[in-house]
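Asks: See coords18.pdb below, with PDB, C-alpha atoms.
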```pdb
ATOM      1  CA  MET P   1       0.343  23.574  -6.552
ATOM      2  CA  ALA P   2      -1.593  20.607  -5.221
ATOM      3  CA  GLU P   3      -0.283  18.622  -2.267
ATOM      4  CA  ALA P   4      -0.409  15.438  -4.350
ATOM      5  CA  GLY P   5       1.267  14.827  -7.670
ATOM      6  CA  VAL P   6       0.497  11.878  -9.933
ATOM      7  CA  VAL P   7       3.570  10.902 -11.958
ATOM      8  CA  TYR P   8       2.649   8.716 -14.932
ATOM      9  CA  LEU P   9       5.393   7.124 -17.027
ATOM     10  CA  TYR P  10       4.766   6.873 -20.765
ATOM     11  CA  ARG P  11       7.592   4.857 -22.292
ATOM     12  CA  PHE P  12       7.714   5.094 -26.079
ATOM     13  CA  ALA P  13       9.028   1.535 -26.490
ATOM     14  CA  GLU P  14       5.883   0.123 -24.840
ATOM     15  CA  GLY P  15       3.538   1.580 -27.478
ATOM     16  CA  GLU P  16       0.208   3.373 -27.065
ATOM     17  CA  ALA P  17      -2.068   0.543 -25.909
ATOM     18  CA  GLY P  18      -1.138   0.790 -22.236
ATOM     19  CA  VAL P  19      -1.378   4.583 -22.287
ATOM     20  CA  ARG P  20      -4.853   4.481 -23.781
ATOM     21  CA  ARG P  21      -5.983   2.035 -21.078
ATOM     22  CA  PHE P  22      -4.564   4.332 -18.437
ATOM     23  CA  LEU P  23      -6.294   7.371 -19.903
ATOM     24  CA  ASP P  24      -9.624   5.565 -20.164
ATOM     25  CA  SER P  25      -9.360   4.564 -16.518
ATOM     26  CA  TYR P  26      -8.218   8.058 -15.485
ATOM     27  CA  ARG P  27     -11.295   9.560 -17.175
ATOM     28  CA  THR P  28     -13.643   6.936 -15.749
ATOM     29  CA  HIS P  29     -12.583   6.968 -12.102
ATOM     30  CA  PRO P  30     -12.553  10.245 -10.143
ATOM     31  CA  ALA P  31      -9.358  10.643  -8.142
ATOM     32  CA  GLY P  32     -11.159  11.973  -5.080
ATOM     33  CA  LEU P  33      -8.251  14.325  -4.353
ATOM     34  CA  ASP P  34      -6.918  17.459  -6.020
ATOM     35  CA  HIS P  35      -3.649  16.769  -7.796
ATOM     36  CA  ASP P  36      -1.204  17.758 -10.515
ATOM     37  CA  LEU P  37      -0.656  15.282 -13.353
ATOM     38  CA  HIS P  38       2.967  14.909 -14.435
ATOM     39  CA  VAL P  39       3.676  12.764 -17.488
ATOM     40  CA  ILE P  40       7.154  11.383 -18.058
ATOM     41  CA  LEU P  41       7.760  11.023 -21.799
ATOM     42  CA  LYS P  42      10.517   8.430 -21.861
ATOM     43  CA  GLY P  43      12.690   7.524 -24.833
ATOM     44  CA  PHE P  44      10.823   9.400 -27.580
ATOM     45  CA  PRO P  45      12.923   9.519 -30.749
ATOM     46  CA  ASN P  46      11.825  12.818 -32.286
ATOM     47  CA  GLN P  47       9.508  15.823 -32.046
ATOM     48  CA  ASP P  48       6.780  14.191 -34.130
ATOM     49  CA  ALA P  49       6.576  11.295 -31.680
ATOM     50  CA  LEU P  50       6.508  13.715 -28.746
ATOM     51  CA  ALA P  51       3.717  15.734 -30.367
ATOM     52  CA  ALA P  52       1.662  12.564 -30.860
ATOM     53  CA  ALA P  53       2.199  11.638 -27.212
ATOM     54  CA  ARG P  54       1.116  15.058 -25.988
ATOM     55  CA  ALA P  55      -1.972  14.828 -28.191
ATOM     56  CA  LEU P  56      -3.113  11.736 -26.288
ATOM     57  CA  PHE P  57      -3.265  13.861 -23.121
ATOM     58  CA  ARG P  58      -4.889  16.893 -24.775
ATOM     59  CA  LEU P  59      -7.980  16.704 -22.537
ATOM     60  CA  PHE P  60      -5.923  17.076 -19.358
ATOM     61  CA  PRO P  61      -3.564  19.766 -18.097
ATOM     62  CA  ILE P  62      -0.224  18.028 -17.718
ATOM     63  CA  ASN P  63       3.341  18.828 -16.854
ATOM     64  CA  ALA P  64       5.401  16.947 -19.449
ATOM     65  CA  ILE P  65       8.864  15.740 -18.424
ATOM     66  CA  GLU P  66      11.085  14.466 -21.212
ATOM     67  CA  VAL P  67      13.779  11.883 -20.379
ATOM     68  CA  ASP P  68      15.912   9.460 -22.363
ATOM     69  CA  ASP P  69      15.325   5.710 -22.291
ATOM     70  CA  GLY P  70      18.001   4.910 -19.716
ATOM     71  CA  GLY P  71      17.619   4.197 -16.027
ATOM     72  CA  TYR P  72      14.495   2.023 -16.260
ATOM     73  CA  ASP P  73      11.292   3.203 -14.578
ATOM     74  CA  ILE P  74      12.923   3.994 -11.242
ATOM     75  CA  GLY P  75      15.576   6.217 -12.767
ATOM     76  CA  SER P  76      12.856   8.204 -14.524
ATOM     77  CA  TYR P  77      10.860   8.502 -11.294
ATOM     78  CA  ILE P  78      13.897   9.909  -9.500
ATOM     79  CA  THR P  79      14.485  12.443 -12.277
ATOM     80  CA  ALA P  80      10.839  13.509 -12.216
ATOM     81  CA  ALA P  81      10.755  13.796  -8.417
ATOM     82  CA  LYS P  82      13.638  16.275  -8.593
ATOM     83  CA  MET P  83      11.688  18.416 -11.073
ATOM     84  CA  VAL P  84       8.318  18.648  -9.311
ATOM     85  CA  VAL P  85       7.411  20.137  -5.941
ATOM     86  CA  ASN P  86       4.314  18.241  -4.730
ATOM     87  CA  PRO P  87       4.974  16.922  -1.195
ATOM     88  CA  LYS P  88       3.309  13.573  -1.970
ATOM     89  CA  LEU P  89       3.891  11.656  -5.189
ATOM     90  CA  LEU P  90       2.047   8.692  -6.663
ATOM     91  CA  PHE P  91       4.108   6.909  -9.313
ATOM     92  CA  LEU P  92       2.363   4.858 -12.011
ATOM     93  CA  ASN P  93       4.066   2.855 -14.743
ATOM     94  CA  THR P  94       3.034   2.668 -18.399
ATOM     95  CA  PHE P  95       0.758  -0.333 -17.866
ATOM     96  CA  SER P  96      -1.113   1.068 -14.868
ATOM     97  CA  GLU P  97      -4.898   0.908 -15.071
ATOM     98  CA  ILE P  98      -7.037   2.482 -12.347
ATOM     99  CA  LEU P  99      -9.877   0.201 -11.244
ATOM    100  CA  ALA P 100     -11.876   2.169  -8.666
ATOM    101  CA  ASP P 101     -13.130   5.650  -7.794
ATOM    102  CA  ASN P 102     -11.364   7.797  -5.183
ATOM    103  CA  TRP P 103      -8.124   6.010  -5.921
ATOM    104  CA  LEU P 104      -5.840   8.933  -5.103
ATOM    105  CA  TYR P 105      -7.776   9.725  -1.938
ATOM    106  CA  SER P 106      -7.233   6.115  -0.826
ATOM    107  CA  PHE P 107      -3.480   6.345  -1.424
ATOM    108  CA  GLY P 108      -3.207   9.702   0.318
ATOM    109  CA  ARG P 109      -5.287   8.675   3.317
ATOM    110  CA  ALA P 110      -3.145   5.565   3.789
ATOM    111  CA  LEU P 111       0.089   7.578   3.567
ATOM    112  CA  ASP P 112      -1.223   9.955   6.255
ATOM    113  CA  LEU P 113      -1.662   7.133   8.771
ATOM    114  CA  PRO P 114       0.792   7.345  11.702
ATOM    115  CA  GLY P 115       4.002   5.475  10.997
ATOM    116  CA  VAL P 116       3.292   4.770   7.317
ATOM    117  CA  GLY P 117       6.089   5.677   4.902
ATOM    118  CA  LEU P 118       5.116   3.894   1.678
ATOM    119  CA  VAL P 119       1.797   2.831   0.115
ATOM    120  CA  GLY P 120       1.415   0.408  -2.778
ATOM    121  CA  ALA P 121      -1.463  -0.946  -4.808
ATOM    122  CA  THR P 122       0.296  -4.306  -4.552
ATOM    123  CA  GLY P 123       2.930  -5.935  -2.397
ATOM    124  CA  SER P 124       4.631  -9.309  -2.447
ATOM    125  CA  TRP P 125       6.722 -11.606  -0.250
ATOM    126  CA  GLN P 126       8.680 -12.861  -3.271
ATOM    127  CA  SER P 127      12.456 -13.152  -3.385
ATOM    128  CA  ALA P 128      14.439 -13.408  -6.612
ATOM    129  CA  SER P 129      16.464 -16.162  -4.942
ATOM    130  CA  SER P 130      13.460 -18.470  -4.548
ATOM    131  CA  GLY P 131      13.502 -19.993  -8.035
ATOM    132  CA  TYR P 132      17.106 -21.111  -7.593
ATOM    133  CA  GLU P 133      16.376 -22.476  -4.140
ATOM    134  CA  ALA P 134      13.358 -24.370  -5.465
ATOM    135  CA  THR P 135      15.604 -26.095  -8.024
ATOM    136  CA  PHE P 136      17.635 -27.629  -5.194
ATOM    137  CA  PHE P 137      14.539 -28.822  -3.364
ATOM    138  CA  ARG P 138      13.207 -30.400  -6.566
ATOM    139  CA  ALA P 139      16.525 -32.142  -7.124
ATOM    140  CA  VAL P 140      16.567 -33.556  -3.609
ATOM    141  CA  ARG P 141      12.977 -34.820  -3.854
ATOM    142  CA  ARG P 142      13.509 -36.434  -7.242
ATOM    143  CA  ILE P 143      16.786 -38.040  -6.284
ATOM    144  CA  LYS P 144      15.045 -39.488  -3.217
ATOM    145  CA  SER P 145      12.333 -40.788  -5.509
ATOM    146  CA  LEU P 146      14.918 -43.060  -7.164
ATOM    147  CA  GLY P 147      14.454 -45.313  -4.173
ATOM    148  CA  HIS P 148      10.850 -45.860  -5.232
ATOM    149  CA  THR P 149      11.598 -46.858  -8.808
ATOM    150  CA  VAL P 150      11.982 -50.526  -7.952
ATOM    151  CA  GLY P 151       9.075 -52.357  -9.456
ATOM    152  CA  LEU P 152       8.154 -49.608 -11.929
ATOM    153  CA  GLY P 153       7.414 -50.683 -15.477
ATOM    154  CA  GLY P 154       9.799 -49.843 -18.274
ATOM    155  CA  ASN P 155       7.978 -46.748 -19.468
ATOM    156  CA  GLU P 156       7.413 -45.390 -15.941
ATOM    157  CA  LEU P 157      11.035 -46.002 -14.982
ATOM    158  CA  ALA P 158      12.320 -44.285 -18.117
ATOM    159  CA  ALA P 159      10.047 -41.285 -17.523
ATOM    160  CA  SER P 160      11.238 -40.963 -13.915
ATOM    161  CA  ARG P 161      14.887 -41.060 -14.942
ATOM    162  CA  ASN P 162      14.319 -38.563 -17.757
ATOM    163  CA  ASN P 163      12.731 -36.139 -15.300
ATOM    164  CA  ILE P 164      15.772 -36.374 -13.073
ATOM    165  CA  ARG P 165      18.142 -35.866 -16.015
ATOM    166  CA  ARG P 166      16.241 -32.713 -17.060
ATOM    167  CA  LEU P 167      16.475 -31.370 -13.542
ATOM    168  CA  LEU P 168      20.190 -32.088 -13.282
ATOM    169  CA  ARG P 169      20.745 -30.158 -16.510
ATOM    170  CA  LYS P 170      19.245 -27.101 -14.778
ATOM    171  CA  LEU P 171      21.512 -27.314 -11.771
ATOM    172  CA  PRO P 172      24.397 -25.275 -13.301
ATOM    173  CA  ARG P 173      22.003 -22.305 -13.519
ATOM    174  CA  ALA P 174      21.335 -22.735  -9.811
ATOM    175  CA  ALA P 175      24.961 -21.769  -9.201
ATOM    176  CA  LEU P 176      23.628 -18.203  -9.202
ATOM    177  CA  TYR P 177      21.733 -18.966  -6.008
ATOM    178  CA  PRO P 178      24.428 -17.615  -3.608
ATOM    179  CA  VAL P 179      24.573 -14.383  -5.623
ATOM    180  CA  ARG P 180      20.810 -13.881  -5.630
ATOM    181  CA  LEU P 181      20.647 -14.877  -1.971
ATOM    182  CA  TYR P 182      23.154 -12.136  -1.139
ATOM    183  CA  GLU P 183      21.338  -9.575  -3.290
ATOM    184  CA  PHE P 184      17.726 -10.358  -2.342
ATOM    185  CA  GLY P 185      17.653 -12.581   0.739
ATOM    186  CA  ARG P 186      15.245 -15.494   1.210
ATOM    187  CA  HIS P 187      11.486 -15.777   1.252
ATOM    188  CA  PRO P 188       9.577 -14.082   2.819
ATOM    189  CA  ASN P 189      10.913 -10.847   1.348
ATOM    190  CA  PRO P 190       8.116  -8.280   1.785
ATOM    191  CA  HIS P 191       8.237  -5.327  -0.588
ATOM    192  CA  ILE P 192       5.910  -2.880  -2.272
ATOM    193  CA  ARG P 193       5.856  -3.346  -6.034
ATOM    194  CA  THR P 194       6.886  -0.268  -8.006
ATOM    195  CA  ASN P 195       4.082  -0.372 -10.578
ATOM    196  CA  ALA P 196       1.921   1.946  -8.418
ATOM    197  CA  PHE P 197       3.160   3.448  -5.157
ATOM    198  CA  MET P 198       2.832   6.663  -3.168
ATOM    199  CA  ILE P 199       5.556   8.190  -1.048
ATOM    200  CA  ARG P 200       6.510  11.583   0.318
ATOM    201  CA  ARG P 201       8.760  13.367  -2.143
ATOM    202  CA  ASP P 202      11.471  14.239   0.374
ATOM    203  CA  VAL P 203      11.594  10.661   1.624
ATOM    204  CA  PHE P 204      11.793   9.249  -1.905
ATOM    205  CA  LEU P 205      14.659  11.551  -2.873
ATOM    206  CA  SER P 206      16.566  10.613   0.286
ATOM    207  CA  LEU P 207      16.584   6.895  -0.570
ATOM    208  CA  ARG P 208      19.753   5.246  -1.803
ATOM    209  CA  ALA P 209      19.529   3.706  -5.266
ATOM    210  CA  VAL P 210      22.193   1.679  -7.034
ATOM    211  CA  ALA P 211      23.292   2.752 -10.505
ATOM    212  CA  LEU P 212      20.413   1.590 -12.692
ATOM    213  CA  LYS P 213      22.387   0.103 -15.567
ATOM    214  CA  LYS P 214      20.766  -3.345 -15.793
ATOM    215  CA  LYS P 215      17.281  -4.708 -15.196
ATOM    216  CA  ILE P 216      18.565  -6.551 -12.144
ATOM    217  CA  ASP P 217      19.424  -3.147 -10.637
ATOM    218  CA  ALA P 218      15.779  -2.082 -10.908
ATOM    219  CA  TYR P 219      14.754  -5.359  -9.271
ATOM    220  CA  LYS P 220      17.184  -4.634  -6.431
ATOM    221  CA  PHE P 221      15.573  -1.269  -5.795
ATOM    222  CA  GLU P 222      12.161  -2.919  -5.697
ATOM    223  CA  SER P 223      12.929  -6.085  -3.744
ATOM    224  CA  GLY P 224      16.626  -6.372  -2.916
ATOM    225  CA  ARG P 225      18.238  -6.336   0.522
ATOM    226  CA  ARG P 226      18.440  -2.528   0.268
ATOM    227  CA  SER P 227      15.102  -2.085  -1.471
ATOM    228  CA  MET P 228      12.875   0.940  -1.160
ATOM    229  CA  SER P 229      10.645  -0.978   1.264
ATOM    230  CA  LYS P 230      13.558  -2.104   3.447
ATOM    231  CA  GLN P 231      14.968   1.416   3.581
ATOM    232  CA  ILE P 232      11.553   2.658   4.673
ATOM    233  CA  MET P 233      11.376   0.006   7.399
ATOM    234  CA  ALA P 234      14.925   0.831   8.541
ATOM    235  CA  ARG P 235      13.624   4.321   9.338
ATOM    236  CA  GLY P 236      10.945   2.918  11.593
ATOM    237  CA  LEU P 237       8.195   3.449   9.004
ATOM    238  CA  ARG P 238       5.846   0.877   7.518
ATOM    239  CA  PRO P 239       5.096  -0.128   3.910
ATOM    240  CA  VAL P 240       1.399  -0.903   3.458
ATOM    241  CA  VAL P 241      -0.954  -2.000   0.675
ATOM    242  CA  VAL P 242      -4.231  -0.190  -0.021
ATOM    243  CA  ASP P 243      -7.094  -1.858  -1.872
ATOM    244  CA  ARG P 244      -9.913  -0.579  -4.102
ATOM    245  CA  TRP P 245     -12.144   0.054  -1.067
ATOM    246  CA  GLY P 246      -9.503   2.095   0.760
ATOM    247  CA  LYS P 247      -8.702  -0.681   3.240
ATOM    248  CA  VAL P 248      -5.094  -0.714   4.396
ATOM    249  CA  TYR P 249      -3.101  -3.928   4.894
ATOM    250  CA  GLU P 250       0.017  -4.484   6.965
ATOM    251  CA  ILE P 251       2.730  -6.897   5.769
ATOM    252  CA  PRO P 252       1.270 -10.066   7.388
ATOM    253  CA  GLU P 253      -2.097  -9.275   5.753
ATOM    254  CA  TRP P 254      -0.884  -8.778   2.174
ATOM    255  CA  ARG P 255      -1.481 -12.366   1.131
ATOM    256  CA  SER P 256      -5.119 -12.205   2.256
ATOM    257  CA  SER P 257      -5.713  -8.784   0.647
ATOM    258  CA  SER P 258      -6.695 -10.332  -2.717
ATOM    259  CA  THR P 259      -4.736  -7.699  -4.608
ATOM    260  CA  PHE P 260      -1.803  -9.525  -6.218
ATOM    261  CA  TRP P 261      -1.359 -13.009  -7.679
ATOM    262  CA  ILE P 262      -3.885 -14.762  -5.471
ATOM    263  CA  ASP P 263      -7.561 -15.698  -5.748
ATOM    264  CA  LEU P 264      -9.299 -13.344  -8.219
ATOM    265  CA  GLN P 265      -7.335 -10.227  -7.198
ATOM    266  CA  ALA P 266     -10.815  -8.904  -6.413
ATOM    267  CA  ASN P 267      -9.645  -5.972  -4.280
ATOM    268  CA  LEU P 268      -7.005  -4.647  -6.655
ATOM    269  CA  LEU P 269      -6.938  -0.835  -6.953
ATOM    270  CA  VAL P 270      -4.452  -0.342  -9.824
ATOM    271  CA  ALA P 271      -3.813  -3.124 -12.337
ATOM    272  CA  ASP P 272      -0.712  -3.562 -14.505
ATOM    273  CA  ASN P 273       0.681  -6.066 -17.005
ATOM    274  CA  GLN P 274       1.698  -8.470 -14.224
ATOM    275  CA  THR P 275      -1.719  -8.583 -12.576
ATOM    276  CA  ALA P 276      -3.296  -8.856 -16.036
ATOM    277  CA  GLY P 277      -1.053 -11.818 -16.856
ATOM    278  CA  TYR P 278      -2.254 -13.595 -13.729
ATOM    279  CA  ALA P 279      -5.901 -12.823 -14.510
ATOM    280  CA  ALA P 280      -5.524 -14.224 -18.032
ATOM    281  CA  GLY P 281      -3.690 -17.368 -16.909
ATOM    282  CA  GLY P 282      -5.097 -20.829 -16.427
ATOM    283  CA  PRO P 283      -5.095 -22.694 -13.097
ATOM    284  CA  GLU P 284      -1.542 -24.030 -13.458
ATOM    285  CA  ARG P 285      -0.105 -20.657 -14.438
ATOM    286  CA  ARG P 286      -1.893 -18.965 -11.543
ATOM    287  CA  LYS P 287      -0.545 -21.590  -9.163
ATOM    288  CA  VAL P 288       3.024 -20.910 -10.299
ATOM    289  CA  LEU P 289       2.605 -17.155  -9.835
ATOM    290  CA  LYS P 290       0.932 -17.561  -6.434
ATOM    291  CA  ASN P 291       3.819 -19.767  -5.332
ATOM    292  CA  ASN P 292       6.314 -17.139  -6.432
ATOM    293  CA  ALA P 293       4.562 -14.304  -4.622
ATOM    294  CA  TRP P 294       3.490 -15.958  -1.387
ATOM    295  CA  ASP P 295       4.910 -19.431  -0.732
ATOM    296  CA  GLY P 296       8.333 -20.608   0.344
ATOM    297  CA  PRO P 297      10.271 -22.410  -2.417
ATOM    298  CA  TRP P 298      10.625 -25.513  -0.240
ATOM    299  CA  CYS P 299       6.919 -26.261  -0.739
ATOM    300  CA  TRP P 300       6.360 -25.266  -4.394
ATOM    301  CA  ASP P 301       6.305 -28.847  -5.627
ATOM    302  CA  ALA P 302       5.932 -30.669  -2.346
ATOM    303  CA  PRO P 303       3.248 -33.359  -2.338
ATOM    304  CA  GLY P 304       0.148 -32.589  -0.309
ATOM    305  CA  PRO P 305      -1.008 -34.633   2.664
ATOM    306  CA  LYS P 306      -2.178 -38.145   1.853
TER
END
```
Output the structure of this file as structure tokens.
Replies:
Amino acid sequence: MAEAGVVYLYRFAEGEAGVRRFLDSYRTHPAGLDHDLHVILKGFPNQDALAAARALFRLFPINAIEVDDGGYDIGSYITAAKMVVNPKLLFLNTFSEILADNWLYSFGRALDLPGVGLVGATGSWQSASSGYEATFFRAVRRIKSLGHTVGLGGNELAASRNNIRRLLRKLPRAALYPVRLYEFGRHPNPHIRTNAFMIRRDVFLSLRAVALKKKIDAYKFESGRRSMSKQIMARGLRPVVVDRWGKVYEIPEWRSSSTFWIDLQANLLVADNQTAGYAAGGPERRKVLKNNAWDGPWCWDAPGPK
């Protein structure tokens, strides 16, 4: 048994494309650390599908763990952690793509630092309440702008009023804000993203997780008031981000780490569908995502200095 276990989730519903990218990256980039490879086969409908999945991994010795399609990724990680014995576990989701050599060594070295309890390839300050809060700030700014409509031409005045009407139609959705505020808190809400993270097995299995019946429950485990990261911090341990060079970042440094939804993500160690979406986006899309990850909702649409 190796000290480190890599737990990769292959969800049938996501198709083979992500798995093939993961395998290509796993072949290309040496881990730099001895490990066991555990593959969660999630939601496979029959033995033929399972056989095809195992065939994709034929070049590697794996420990296959079959689970149903319930419980989202986190539920499957908990099940797998109960079935393996490696003291340190790195969890990777279906879309994970390794981007640098010695990736597992970098995770393990970071986890061994004094006081560190959780290591992620990416972290964020995002709160699920921020979008609702931003709606209120937009409404206030646009209502105030009514005072500047005097003297506007007909077309400009109509456009301004239409913008306000569209915003007011969104306000009923913002009624969820108190609920999301209670569940997730406000920005900044630092948390390690669960696409790629390493943690000690005993610590992971001691965490409290809500019943994972809805997607929002998985979000709560990742970034809610009782998230994995917050439970780690409540124990006096620190969640940190590690980049492709092995550099470790504390919470205040995450924004400048260039790993998630900012700049070119040039230091990213493990990519996923969310980081790929940012990389493929245009300037406006990237701005929206950067705002979500790193900026307070009160300044998302605020005008810059004149």
Asks: Assuming the chain letters and numbering stay as they are in my file, what does the PyMOL selection byres ((chain P and resi 60-62) around 7) actually select? List them as a list in words.
Replies: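 Checking the PyMOL selection byres ((chain P and resi 60-62) around 7) against this file, the residues are Leu37, His38, Val39, Phe57, Arg58, Leu59, Asn63 and Ala64 of chain P.
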Asks: So, with all atoms listed in the file as the atoms that count, which of P:Ala121, P:Ala100, P:Leu23, P:Ala31 lies closest to Asp272 of chain P?
Replies: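 Among P:Ala121, P:Ala100, P:Leu23, P:Ala31, it is P:Ala121 that comes nearest to Asp272 of chain P.
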Asks: With all atoms listed in the file as the atoms that count, which of P:Arg11, P:Lys220, P:His191, P:Lys82 lies nearest to Pro239 of chain P?
Replies: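 Closest to Pro239 of chain P, using all atoms listed in the file: P:His191.
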Asks: Could you work out how far atom CA of Leu50 of chain P lies from atom CA of Ile199 of chain P, giving the answer in Å with one decimal?
Replies: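 Computing it gives 28.3 Å between the two atoms.
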Asks: Here is a test: counting all atoms listed in the file, which residue of P:Asn195, P:Asn189, P:Ser206, P:Ser25 is nearest to Ser130 of chain P?
Replies: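 So, comparing all the options, the nearest one is P:Asn189.
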Asks: Given all atoms listed in the file as the basis, pick out the residue of P:Tyr72, P:Phe197, P:Phe184, P:Trp254 nearest to Ala13 of chain P.
Replies: P:Tyr72
Asks: Please write the residues picked by the PyMOL selection byres ((chain P and resi 126) around 9) on this file as a PyMOL selection string.
Replies: chain P and resi 124-125+127-130+186-191+223+291-296
Asks: Name the residues that the PyMOL selection byres ((chain P and resi 213) around 10) picks from the file above, as number ranges by chain, using the file's chain letters and numbers.
Replies: P: 70-72, 75, 210-212, 214-218
Asks: Distance atom CA of Asn86 of chain P-atom CA of Ala2 of chain P, one decimal place?
Replies: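 Distance reported for this atom pair: 6.4 Å.
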Asks: What separation in Å, quoted to one decimal, exists between atom CA of Ser96 of chain P and atom CA of Arg193 of chain P?
Replies: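 Between atom CA of Ser96 of chain P and atom CA of Arg193 of chain P the gap works out to 12.1 Å.
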Asks: I want to know what sits within 7 Å of Phe12 of chain P, based on all atoms listed in the file, with residues of the same chain fewer than 5 positions away left out; could you give that as number ranges by chain?
Replies: P: 42-44
